[in-house]
$ cat my_file_31.txt   # compact mmCIF, C-alpha atoms
# COMPACT_ATOMS: atom_id res chain seq x y z
CA MET O 1 0.00 0.00 0.00
CA ARG O 2 1.29 3.47 -0.89
CA PHE O 3 1.22 6.03 1.92
CA LEU O 4 2.75 8.95 -0.02
CA PRO O 5 0.96 11.31 -2.43
CA THR O 6 1.34 10.50 -6.10
CA ASP O 7 3.39 12.77 -8.35
CA GLU O 8 0.19 14.28 -9.71
CA GLN O 9 -1.15 14.98 -6.22
CA SER O 10 2.17 16.51 -5.15
CA ASP O 11 2.24 18.71 -8.26
CA PHE O 12 -1.26 19.94 -7.45
CA ALA O 13 -0.23 20.86 -3.90
CA ARG O 14 2.90 22.63 -5.15
CA THR O 15 0.89 24.59 -7.69
CA LEU O 16 -1.52 25.74 -5.02
CA ARG O 17 1.33 26.63 -2.65
CA SER O 18 3.04 28.68 -5.34
CA LEU O 19 -0.18 30.54 -6.14
CA LEU O 20 -0.85 31.34 -2.50
CA GLY O 21 2.77 32.32 -1.89
CA SER O 22 2.50 35.11 -4.45
CA ALA O 23 -1.01 36.23 -3.50
CA GLN O 24 -0.25 38.42 -0.46
CA VAL O 25 -2.66 36.37 1.63
CA PRO O 26 -2.03 38.26 4.94
CA ALA O 27 -3.34 41.45 3.34
CA THR O 28 -6.50 39.69 2.16
CA VAL O 29 -7.02 38.22 5.65
CA ARG O 30 -6.74 41.61 7.29
CA ALA O 31 -9.16 43.09 4.77
CA TRP O 32 -11.57 40.20 5.39
CA ALA O 33 -11.41 40.83 9.14
CA ASP O 34 -12.23 44.50 8.52
CA GLY O 35 -15.31 43.58 6.50
CA ASP O 36 -13.80 44.10 3.04
CA ALA O 37 -14.38 40.81 1.23
CA GLY O 38 -13.22 42.09 -2.18
CA PRO O 39 -9.58 40.92 -1.99
CA GLY O 40 -10.70 37.64 -0.46
CA ARG O 41 -13.14 37.00 -3.30
CA ALA O 42 -10.45 37.75 -5.85
CA LEU O 43 -8.19 35.20 -4.15
CA TRP O 44 -11.12 32.75 -4.04
CA SER O 45 -11.42 33.01 -7.83
CA ARG O 46 -7.72 32.34 -8.30
CA ILE O 47 -7.90 29.30 -6.03
CA ALA O 48 -10.92 28.04 -7.95
CA GLY O 49 -8.83 28.22 -11.12
CA THR O 50 -6.70 25.35 -9.78
CA GLY O 51 -9.80 23.16 -9.62
CA LEU O 52 -9.78 22.89 -5.82
CA PHE O 53 -13.49 23.47 -5.26
CA ALA O 54 -14.40 21.14 -8.13
CA LEU O 55 -12.90 18.29 -6.08
CA ALA O 56 -16.02 18.34 -3.88
CA VAL O 57 -18.49 18.22 -6.80
CA PRO O 58 -19.44 15.22 -9.00
CA GLU O 59 -18.61 15.28 -12.69
CA ALA O 60 -22.32 15.40 -13.53
CA HIS O 61 -22.45 18.91 -12.06
CA GLU O 62 -19.26 20.37 -13.60
CA GLY O 63 -16.93 19.01 -10.92
CA VAL O 64 -14.21 16.40 -11.12
CA GLY O 65 -15.67 13.99 -8.57
CA LEU O 66 -15.73 13.67 -4.80
CA LEU O 67 -11.99 13.29 -4.08
CA PRO O 68 -11.34 13.70 -0.34
CA LEU O 69 -7.60 12.97 -0.50
CA GLU O 70 -6.82 15.54 -3.17
CA LEU O 71 -9.11 18.03 -1.46
CA SER O 72 -7.35 17.46 1.87
CA LEU O 73 -3.97 18.11 0.25
CA GLY O 74 -5.33 21.39 -1.04
CA PHE O 75 -6.76 22.39 2.32
CA VAL O 76 -3.41 21.82 4.01
CA GLU O 77 -2.08 24.51 1.69
CA LEU O 78 -5.01 26.81 2.51
CA GLY O 79 -4.20 26.42 6.19
CA ARG O 80 -0.49 26.94 5.60
CA ALA O 81 -1.24 30.21 3.78
CA GLY O 82 -3.85 31.28 6.35
CA VAL O 83 -6.63 31.81 3.80
CA ALA O 84 -9.78 33.37 5.27
CA GLY O 85 -13.37 32.62 4.38
CA PRO O 86 -15.81 29.70 4.55
CA VAL O 87 -13.70 27.38 2.41
CA VAL O 88 -14.49 24.30 4.51
CA GLU O 89 -18.17 25.17 4.68
CA SER O 90 -18.41 25.76 0.94
CA ALA O 91 -16.89 22.35 0.21
CA ALA O 92 -19.12 20.70 2.80
CA ALA O 93 -22.18 22.35 1.26
CA SER O 94 -21.16 20.91 -2.11
CA VAL O 95 -20.94 17.44 -0.57
CA LEU O 96 -24.31 17.92 1.13
CA LEU O 97 -26.02 18.81 -2.15
CA SER O 98 -24.22 16.01 -3.99
CA GLU O 99 -25.52 13.41 -1.53
CA LEU O 100 -29.19 14.33 -1.98
CA ALA O 101 -31.40 11.99 -3.98
CA ASP O 102 -33.26 15.00 -5.37
CA GLU O 103 -30.97 16.51 -8.00
CA ALA O 104 -32.83 19.81 -8.31
CA PRO O 105 -30.78 21.61 -5.58
CA ALA O 106 -27.57 20.10 -6.98
CA LYS O 107 -28.28 21.34 -10.50
CA ARG O 108 -29.12 24.76 -9.13
CA PHE O 109 -26.11 25.37 -6.89
CA LEU O 110 -23.25 22.96 -7.62
CA PRO O 111 -21.97 24.32 -10.96
CA GLY O 112 -21.33 27.75 -9.45
CA LEU O 113 -19.72 26.28 -6.33
CA ALA O 114 -17.47 24.01 -8.42
CA GLN O 115 -16.21 26.91 -10.53
CA GLY O 116 -15.74 29.22 -7.54
CA GLU O 117 -18.27 31.70 -8.94
CA THR O 118 -20.28 31.37 -5.72
CA SER O 119 -19.51 30.40 -2.13
CA ALA O 120 -21.53 28.91 0.67
CA THR O 121 -21.67 28.49 4.42
CA LEU O 122 -23.86 26.11 6.39
CA THR O 123 -24.96 24.78 9.76
CA LEU O 124 -25.61 21.11 10.42
CA PRO O 125 -27.20 19.13 13.27
CA GLY O 126 -24.68 18.32 15.96
CA GLY O 127 -22.43 21.17 14.90
CA SER O 128 -22.24 24.80 15.91
CA PRO O 129 -25.48 26.76 15.55
CA TYR O 130 -23.44 29.67 14.15
CA ALA O 131 -22.74 30.05 10.45
CA LEU O 132 -19.25 31.18 9.44
CA ASP O 133 -18.96 34.32 7.32
CA ALA O 134 -22.61 34.32 6.29
CA ASP O 135 -22.29 38.03 5.50
CA ALA O 136 -19.74 37.27 2.77
CA ALA O 137 -20.96 33.93 1.42
CA THR O 138 -23.31 33.82 -1.55
CA TYR O 139 -25.50 31.15 0.06
CA CYS O 140 -26.26 30.09 3.61
CA PHE O 141 -27.69 26.58 4.02
CA THR O 142 -29.15 25.19 7.24
CA VAL O 143 -30.15 21.64 8.09
CA SER O 144 -32.51 21.18 11.03
CA PRO O 145 -32.48 18.11 13.31
CA ALA O 146 -35.80 17.18 11.71
CA GLY O 147 -34.09 16.91 8.32
CA GLU O 148 -35.13 20.14 6.64
CA LEU O 149 -32.61 21.73 4.29
CA ARG O 150 -33.26 25.43 3.88
CA LEU O 151 -31.62 28.28 2.04
CA THR O 152 -31.49 31.19 4.44
CA GLY O 153 -28.92 33.46 2.76
CA GLY O 154 -28.40 35.43 -0.41
CA GLY O 155 -29.12 32.58 -2.79
CA ALA O 156 -32.83 32.97 -2.08
CA SER O 157 -32.81 36.20 -4.04
CA GLY O 158 -30.89 34.64 -6.92
CA THR O 159 -27.74 36.73 -6.49
CA SER O 160 -24.27 35.33 -6.85
CA GLY O 161 -21.18 36.82 -5.34
CA THR O 162 -22.16 40.27 -4.08
CA SER O 163 -21.44 41.14 -0.51
CA GLY O 164 -24.94 42.10 0.50
CA ALA O 165 -26.60 38.96 -0.80
CA GLY O 166 -25.27 36.49 1.68
CA GLY O 167 -24.89 38.87 4.55
CA ALA O 168 -28.11 40.80 4.93
CA GLY O 169 -30.28 37.86 5.78
CA ALA O 170 -27.68 35.97 7.75
CA THR O 171 -26.73 38.68 10.21
CA GLY O 172 -29.53 41.23 10.12
CA ALA O 173 -32.53 39.16 11.16
CA ALA O 174 -30.61 36.97 13.57
CA GLY O 175 -28.70 39.71 15.37
CA GLU O 176 -25.11 40.88 15.59
CA PRO O 177 -22.23 38.60 14.59
CA VAL O 178 -20.50 36.71 17.39
CA ARG O 179 -16.87 37.60 18.04
CA SER O 180 -14.26 34.89 17.53
CA THR O 181 -10.66 34.63 18.71
CA ASP O 182 -9.82 34.97 15.03
CA PRO O 183 -11.16 38.32 13.78
CA ALA O 184 -11.29 36.88 10.26
CA ARG O 185 -13.90 34.34 11.42
CA ARG O 186 -17.28 36.07 11.68
CA LEU O 187 -20.00 33.92 13.23
CA SER O 188 -23.73 34.61 13.20
CA LEU O 189 -27.01 32.81 13.81
CA PRO O 190 -28.87 32.16 10.54
CA PRO O 191 -32.39 33.57 10.47
CA ALA O 192 -35.36 31.28 10.94
CA GLY O 193 -37.31 30.12 7.93
CA GLY O 194 -35.97 30.43 4.43
CA GLU O 195 -36.61 28.50 1.24
CA LEU O 196 -37.19 24.78 1.80
CA LEU O 197 -34.96 22.84 -0.61
CA ALA O 198 -35.39 19.25 0.63
CA ALA O 199 -36.62 17.32 3.65
CA GLY O 200 -36.64 13.82 5.07
CA PRO O 201 -34.22 11.05 6.11
CA GLU O 202 -32.08 11.57 3.00
CA VAL O 203 -31.23 15.08 4.20
CA VAL O 204 -30.21 13.74 7.61
CA ARG O 205 -27.95 11.15 5.97
CA ALA O 206 -26.46 13.73 3.58
CA ALA O 207 -25.82 16.09 6.51
CA GLU O 208 -23.90 13.35 8.34
CA VAL O 209 -21.66 12.81 5.31
CA ALA O 210 -21.12 16.55 4.84
CA GLY O 211 -20.27 16.93 8.52
CA ARG O 212 -17.53 14.28 8.23
CA TRP O 213 -16.07 16.08 5.22
CA ALA O 214 -16.13 19.38 7.10
CA ARG O 215 -14.31 17.76 10.02
CA LEU O 216 -11.74 16.17 7.71
CA LEU O 217 -11.01 19.38 5.82
CA THR O 218 -10.75 21.34 9.06
CA ALA O 219 -8.18 18.77 10.22
CA ALA O 220 -6.25 19.37 7.01
CA GLN O 221 -6.42 23.11 7.61
CA CYS O 222 -5.12 22.60 11.15
CA LEU O 223 -2.20 20.62 9.77
CA GLY O 224 -1.30 23.49 7.43
CA VAL O 225 -1.62 26.09 10.19
CA GLY O 226 0.67 24.03 12.42
CA GLU O 227 3.24 23.73 9.63
CA ALA O 228 3.20 27.48 9.05
CA LEU O 229 3.59 28.29 12.75
CA LEU O 230 6.47 25.85 13.16
CA GLU O 231 8.25 27.11 10.05
CA ARG O 232 8.04 30.73 11.17
CA THR O 233 9.14 29.87 14.70
CA VAL O 234 12.19 27.95 13.48
CA GLN O 235 13.19 30.89 11.29
CA TYR O 236 12.82 33.27 14.23
CA ALA O 237 14.81 30.96 16.54
CA LYS O 238 17.71 31.06 14.06
CA GLN O 239 17.70 34.87 13.92
CA ARG O 240 16.91 35.90 17.51
CA THR O 241 20.03 36.01 19.66
CA GLN O 242 20.39 35.90 23.42
CA PHE O 243 23.64 35.77 25.41
CA GLY O 244 25.44 36.11 22.09
CA ALA O 245 23.94 33.01 20.48
CA PRO O 246 20.80 32.21 18.45
CA ILE O 247 18.06 30.97 20.77
CA GLY O 248 17.62 28.01 18.43
CA SER O 249 20.93 26.65 19.69
CA PHE O 250 19.59 26.29 23.25
CA GLN O 251 18.68 22.75 24.23
CA ALA O 252 15.32 23.69 25.76
CA VAL O 253 14.28 25.49 22.57
CA LYS O 254 15.38 22.55 20.42
CA HIS O 255 13.30 20.17 22.53
CA ARG O 256 10.24 22.39 22.31
CA LEU O 257 10.51 22.66 18.53
CA ALA O 258 11.15 18.93 18.17
CA ASP O 259 8.06 18.11 20.23
CA THR O 260 6.02 20.43 18.02
CA LEU O 261 7.35 18.78 14.87
CA LEU O 262 6.54 15.32 16.22
CA GLY O 263 2.97 16.35 16.95
CA ILE O 264 2.49 17.57 13.39
CA GLU O 265 4.16 14.54 11.82
CA PHE O 266 2.11 12.11 13.91
CA ALA O 267 -1.07 13.91 12.86
CA ARG O 268 -0.24 13.85 9.15
CA PRO O 269 -0.76 10.09 8.51
CA LEU O 270 -4.01 10.20 10.47
CA VAL O 271 -5.31 12.92 8.16
CA TRP O 272 -4.30 10.93 5.06
CA ALA O 273 -5.83 7.75 6.50
CA ALA O 274 -9.10 9.57 7.15
CA ALA O 275 -9.08 10.98 3.63
CA LEU O 276 -8.60 7.49 2.20
CA SER O 277 -11.25 5.95 4.44
CA PRO O 278 -13.51 8.67 5.88
CA ALA O 279 -15.18 6.56 8.56
CA PRO O 280 -16.42 8.55 11.59
CA GLY O 281 -13.74 7.21 13.94
CA GLU O 282 -10.92 7.80 11.45
CA VAL O 283 -12.01 11.36 10.77
CA ALA O 284 -12.42 12.12 14.47
CA ALA O 285 -8.92 10.79 15.21
CA ALA O 286 -7.48 12.95 12.44
CA LYS O 287 -9.27 16.07 13.65
CA LEU O 288 -8.27 15.46 17.27
CA SER O 289 -4.61 14.90 16.44
CA ALA O 290 -4.26 17.72 13.90
CA GLY O 291 -6.20 20.20 16.01
CA GLU O 292 -4.11 19.54 19.11
CA ALA O 293 -0.86 19.63 17.11
CA SER O 294 -1.80 22.97 15.59
CA TYR O 295 -2.73 24.43 18.97
CA ARG O 296 0.54 23.23 20.52
CA ALA O 297 2.42 24.77 17.58
CA ALA O 298 0.66 28.06 18.35
CA MET O 299 1.65 27.90 22.03
CA THR O 300 5.25 27.13 21.06
CA ALA O 301 5.33 29.99 18.57
CA LEU O 302 3.88 32.40 21.10
CA GLN O 303 6.35 31.44 23.80
CA LEU O 304 9.48 31.44 21.63
CA HIS O 305 8.60 34.72 19.94
CA GLY O 306 8.19 36.35 23.33
CA ALA O 307 6.30 39.63 23.61
CA VAL O 308 6.55 40.27 19.86
CA GLY O 309 4.22 37.31 19.29
CA TYR O 310 1.31 39.25 20.75
CA THR O 311 1.50 42.11 18.26
CA GLU O 312 -1.16 42.37 15.56
CA GLU O 313 1.34 43.96 13.17
CA LEU O 314 3.28 40.70 12.99
CA ASP O 315 1.87 38.32 10.37
CA LEU O 316 2.43 35.48 12.84
CA SER O 317 -0.64 36.65 14.74
CA LEU O 318 -2.86 35.71 11.80
CA TRP O 319 -1.97 32.04 12.29
CA LEU O 320 -1.84 32.21 16.09
CA ARG O 321 -5.46 33.35 16.17
CA LYS O 322 -6.60 30.58 13.86
CA ALA O 323 -5.25 27.65 15.84
CA ARG O 324 -7.74 27.64 18.71
CA PRO O 325 -10.93 28.25 16.68
CA LEU O 326 -9.96 25.61 14.10
CA ARG O 327 -9.15 23.14 16.86
CA ASP O 328 -12.74 23.45 18.10
CA ALA O 329 -14.52 23.90 14.75
CA TRP O 330 -16.50 20.92 13.42
CA GLY O 331 -15.66 18.81 16.44
CA THR O 332 -14.12 19.86 19.75
CA PRO O 333 -11.36 17.67 21.20
CA SER O 334 -13.80 16.14 23.69
CA ALA O 335 -16.35 15.37 20.96
CA CYS O 336 -13.66 13.78 18.77
CA ARG O 337 -12.36 11.69 21.67
CA ALA O 338 -15.87 10.41 22.31
CA GLU O 339 -16.25 9.55 18.61
CA VAL O 340 -12.94 7.67 18.58
CA LEU O 341 -13.85 5.79 21.75
CA GLN O 342 -17.22 4.83 20.32
CA SER O 343 -15.60 3.53 17.15
CA VAL O 344 -13.19 1.20 19.01
CA THR O 345 -15.51 0.03 21.80
CA PRO O 346 -17.34 -3.20 20.97
CA PRO O 347 -21.11 -3.01 21.39
CA ARG O 348 -22.54 -4.50 24.57
CA ARG O 349 -24.51 -7.72 24.24
$ encode --input "my_file_31.txt" --output "structure tokens"
Amino acid sequence: MRFLPTDEQSDFARTLRSLLGSAQVPATVRAWADGDAGPGRALWSRIAGTGLFALAVPEAHEGVGLLPLELSLGFVELGRAGVAGPVVESAAASVLLSELADEAPAKRFLPGLAQGETSATLTLPGGSPYALDADAATYCFTVSPAGELRLTGGGASGTSGTSGAGGAGATGAAGEPVRSTDPARRLSLPPAGGELLAAGPEVVRAAEVAGRWARLLTAAQCLGVGEALLERTVQYAKQRTQFGAPIGSFQAVKHRLADTLLGIEFARPLVWAAALSPAPGEVAAAKLSAGEASYRAAMTALQLHGAVGYTEELDLSLWLRKARPLRDAWGTPSACRAEVLQSVTPPRR
């Protein structure tokens, strides 16, 4: 069995990394946090040009098929670059629509999502009641515990891509957005009601599948965030001197960085295993491991950077603020541990 990406998969990841490396992502993240989604949407279009969003859409709806491994590789790069926006939610919404027996919603929304012309956010049963970046997403989908899929955002008015479409309904009727540790993550309660798109047990089943994909892709994002934090901390440890020597030469600093690297490298195969076989227990283990590794990388970066790590002017802060929210998004550590335990515990007779 092969446990390494193929040459084609590696080339795709390198292409995406090169694109993001030249895209001035920190500036787009800061603009996104200030409510200016224009630069973020422009970046979204460039990312879509690589075919990333089409990886969550079947070929019948202008995608390239549901390919969780390739999509996870791409989302590691999104996390490494610190891209803002509901990228996970948009992919999960595509999976949700793809899994429905009724193809009407899929025909209506999936082509635009696959091409990156539109974006989406969503809430699912068992997840957070808050929708991410509903003010900037084109569509906001909600699934109730009773199995009702509703469109509660800008898509109801038929718009695609303007700022007001997704935001007015999502934040106005339901109140003010909720503050997050990461200012580039704007959370809000979707309004009640909305257009009913589908209902019944098939929606519940589709929501469960979409939730696993959201958890998997968030784990991939966490892996990328951890890599970025570690890389920047190692560079700083080589440059920062104390007592006439780089702090990276101190044994205690070496041990801290090595422990951080081990956490990331132990999480990586779990993410790939979950992408290859997205069973609930596998995905929960990947999310737990990657989320904790990313958070530990943030704590290491903060400590080794000293007081400068707290400053908003330093780009490092953009990744530091992502680690904790992503660790808890689409499955807190306690929820993932319970899922893993359930998957390995034999049923009682």
$ residues_around --input "my_file_31.txt" --residues "Ala23 of chain O" --least-positions-apart "2" --cutoff "10 Å" --atoms "all atoms listed in the file" --output "ChimeraX atom specification"
/O:17-21,25-28,39,42-43,46,81
$ closest_residue --input "my_file_31.txt" --among "O:Gly224, O:Gly74, O:Gly248, O:Pro125" --to "Ala54 of chain O" --atoms "only C-alpha atoms"
O:Gly74
$ residues_around --input "my_file_31.txt" --residues "segment 196-207 of chain O" --least-positions-apart "3" --cutoff "7 Å" --atoms "only C-alpha atoms" --output "list in words"
Leu96, Glu99, Leu100, Pro105, Leu124, Gly147, Glu148, Leu149, Arg150, Leu151, Ala210 and Gly211 of chain O
$ atom_distance --input "my_file_31.txt" --atom1 "atom CA of Ser188 of chain O" --atom2 "atom CA of Gln24 of chain O"
27.4 Å
$ residues_around --input "my_file_31.txt" --residues "Leu230 of chain O" --least-positions-apart "3" --cutoff "7 Å" --atoms "only C-alpha atoms" --output "CSV table (one decimal) with C-alpha atoms, keeping the file's coordinate frame"
chain,number,residue,atom,x,y,z
O,226,GLY,CA,0.7,24.0,12.4
O,227,GLU,CA,3.2,23.7,9.6
O,233,THR,CA,9.1,29.9,14.7
O,234,VAL,CA,12.2,28.0,13.5
O,297,ALA,CA,2.4,24.8,17.6
O,301,ALA,CA,5.3,30.0,18.6
$ closest_residue --input "my_file_31.txt" --among "O:Asp135, O:Glu117, O:Glu70, O:Glu292" --to "Ala48 of chain O" --atoms "all atoms listed in the file"
O:Glu117
$ atom_distance --input "my_file_31.txt" --atom1 "atom CA of Glu265 of chain O" --atom2 "atom CA of Asp315 of chain O"
23.9 Å
$ closest_residue --input "my_file_31.txt" --among "O:Tyr139, O:Phe53, O:Phe243, O:Phe75" --to "Leu217 of chain O" --atoms "all atoms listed in the file"
O:Phe75
$ residues_near_point --input "my_file_31.txt" --point "(-2.9, 37.5, 17.3)" --cutoff "12 Å" --atoms "only C-alpha atoms" --output "number ranges by chain"
O: 30, 180-184, 298-299, 301-302, 307-324
$ residues_around --input "my_file_31.txt" --residues "Glu59 of chain O" --least-positions-apart "6" --cutoff "12 Å" --atoms "all atoms listed in the file" --output "ChimeraX atom specification"
/O:65-67,98,106-107,110-111,114
$ closest_residue --input "my_file_31.txt" --among "O:Ala279, O:Leu113, O:Ile47, O:Ala290" --to "Leu262 of chain O" --atoms "all atoms listed in the file"
O:Ala290
$ axis_aligned_box --input "my_file_31.txt" --around "segment 133-142 of chain O" --padding-each-side "8 Å" --output "lines of an AutoDock Vina configuration file"
center_x = -24.1
center_y = 31.6
center_z = 2.9
size_x = 26.2
size_y = 28.8
size_z = 24.9
$ closest_residue --input "my_file_31.txt" --among "O:Thr142, O:Tyr236, O:Ala120, O:Asp34" --to "Ser249 of chain O" --atoms "all atoms listed in the file"
O:Tyr236
$ closest_residue --input "my_file_31.txt" --among "O:Val283, O:Leu304, O:Leu288, O:Leu229" --to "Val253 of chain O" --atoms "all atoms listed in the file"
O:Leu304
$ build_atoms --input "my_file_31.txt" --residues "segment 69-78 of chain O" --atoms "all heavy atoms" --output "mmCIF file, in the coordinates of the input"
data_model
loop_
_atom_site.group_PDB
_atom_site.id
_atom_site.type_symbol
_atom_site.label_atom_id
_atom_site.label_comp_id
_atom_site.auth_asym_id
_atom_site.auth_seq_id
_atom_site.Cartn_x
_atom_site.Cartn_y
_atom_site.Cartn_z
ATOM 1 N N LEU O 69 -9.038 12.899 -0.701
ATOM 2 C CA LEU O 69 -7.600 12.970 -0.500
ATOM 3 C C LEU O 69 -7.001 14.182 -1.183
ATOM 4 O O LEU O 69 -6.240 14.953 -0.585
ATOM 5 C CB LEU O 69 -6.927 11.694 -0.996
ATOM 6 C CG LEU O 69 -5.400 11.643 -0.840
ATOM 7 C CD1 LEU O 69 -5.003 11.853 0.613
ATOM 8 C CD2 LEU O 69 -4.850 10.326 -1.362
ATOM 9 N N GLU O 70 -7.328 14.375 -2.451
ATOM 10 C CA GLU O 70 -6.820 15.540 -3.170
ATOM 11 C C GLU O 70 -7.308 16.843 -2.544
ATOM 12 O O GLU O 70 -6.563 17.829 -2.436
ATOM 13 C CB GLU O 70 -7.245 15.474 -4.638
ATOM 14 C CG GLU O 70 -6.512 14.437 -5.468
ATOM 15 C CD GLU O 70 -6.982 13.015 -5.221
ATOM 16 O OE1 GLU O 70 -7.951 12.839 -4.451
ATOM 17 O OE2 GLU O 70 -6.406 12.085 -5.807
ATOM 18 N N LEU O 71 -8.565 16.836 -2.101
ATOM 19 C CA LEU O 71 -9.110 18.030 -1.460
ATOM 20 C C LEU O 71 -8.390 18.323 -0.153
ATOM 21 O O LEU O 71 -8.098 19.487 0.166
ATOM 22 C CB LEU O 71 -10.611 17.842 -1.223
ATOM 23 C CG LEU O 71 -11.444 19.094 -0.960
ATOM 24 C CD1 LEU O 71 -11.370 20.058 -2.134
ATOM 25 C CD2 LEU O 71 -12.890 18.721 -0.690
ATOM 26 N N SER O 72 -8.073 17.278 0.606
ATOM 27 C CA SER O 72 -7.350 17.460 1.870
ATOM 28 C C SER O 72 -5.965 18.032 1.627
ATOM 29 O O SER O 72 -5.497 18.906 2.372
ATOM 30 C CB SER O 72 -7.250 16.134 2.614
ATOM 31 O OG SER O 72 -8.533 15.655 2.975
ATOM 32 N N LEU O 73 -5.281 17.551 0.596
ATOM 33 C CA LEU O 73 -3.970 18.110 0.250
ATOM 34 C C LEU O 73 -4.075 19.602 -0.034
ATOM 35 O O LEU O 73 -3.222 20.393 0.393
ATOM 36 C CB LEU O 73 -3.411 17.382 -0.970
ATOM 37 C CG LEU O 73 -2.831 15.988 -0.741
ATOM 38 C CD1 LEU O 73 -2.655 15.262 -2.075
ATOM 39 C CD2 LEU O 73 -1.502 16.072 -0.007
ATOM 40 N N GLY O 74 -5.128 19.981 -0.745
ATOM 41 C CA GLY O 74 -5.330 21.390 -1.040
ATOM 42 C C GLY O 74 -5.621 22.205 0.203
ATOM 43 O O GLY O 74 -5.129 23.336 0.355
ATOM 44 N N PHE O 75 -6.390 21.636 1.126
ATOM 45 C CA PHE O 75 -6.760 22.390 2.320
ATOM 46 C C PHE O 75 -5.598 22.517 3.300
ATOM 47 O O PHE O 75 -5.579 23.444 4.105
ATOM 48 C CB PHE O 75 -7.989 21.761 2.986
ATOM 49 C CG PHE O 75 -9.278 22.318 2.455
ATOM 50 C CD1 PHE O 75 -9.721 21.992 1.182
ATOM 51 C CD2 PHE O 75 -10.039 23.184 3.200
ATOM 52 C CE1 PHE O 75 -10.886 22.509 0.672
ATOM 53 C CE2 PHE O 75 -11.218 23.716 2.713
ATOM 54 C CZ PHE O 75 -11.647 23.384 1.441
ATOM 55 N N VAL O 76 -4.639 21.612 3.247
ATOM 56 C CA VAL O 76 -3.410 21.820 4.010
ATOM 57 C C VAL O 76 -2.721 23.099 3.537
ATOM 58 O O VAL O 76 -2.251 23.912 4.348
ATOM 59 C CB VAL O 76 -2.460 20.613 3.865
ATOM 60 C CG1 VAL O 76 -1.095 20.940 4.465
ATOM 61 C CG2 VAL O 76 -3.038 19.387 4.556
ATOM 62 N N GLU O 77 -2.709 23.305 2.242
ATOM 63 C CA GLU O 77 -2.080 24.510 1.690
ATOM 64 C C GLU O 77 -2.874 25.771 2.050
ATOM 65 O O GLU O 77 -2.287 26.825 2.295
ATOM 66 C CB GLU O 77 -1.933 24.393 0.172
ATOM 67 C CG GLU O 77 -1.045 23.239 -0.270
ATOM 68 C CD GLU O 77 0.329 23.277 0.361
ATOM 69 O OE1 GLU O 77 0.868 24.386 0.555
ATOM 70 O OE2 GLU O 77 0.868 22.197 0.664
ATOM 71 N N LEU O 78 -4.199 25.663 2.081
ATOM 72 C CA LEU O 78 -5.010 26.810 2.510
ATOM 73 C C LEU O 78 -4.704 27.171 3.952
ATOM 74 O O LEU O 78 -4.609 28.347 4.303
ATOM 75 C CB LEU O 78 -6.495 26.499 2.346
ATOM 76 C CG LEU O 78 -7.018 26.239 0.934
ATOM 77 C CD1 LEU O 78 -8.543 26.114 0.958
ATOM 78 C CD2 LEU O 78 -6.601 27.340 -0.035
#
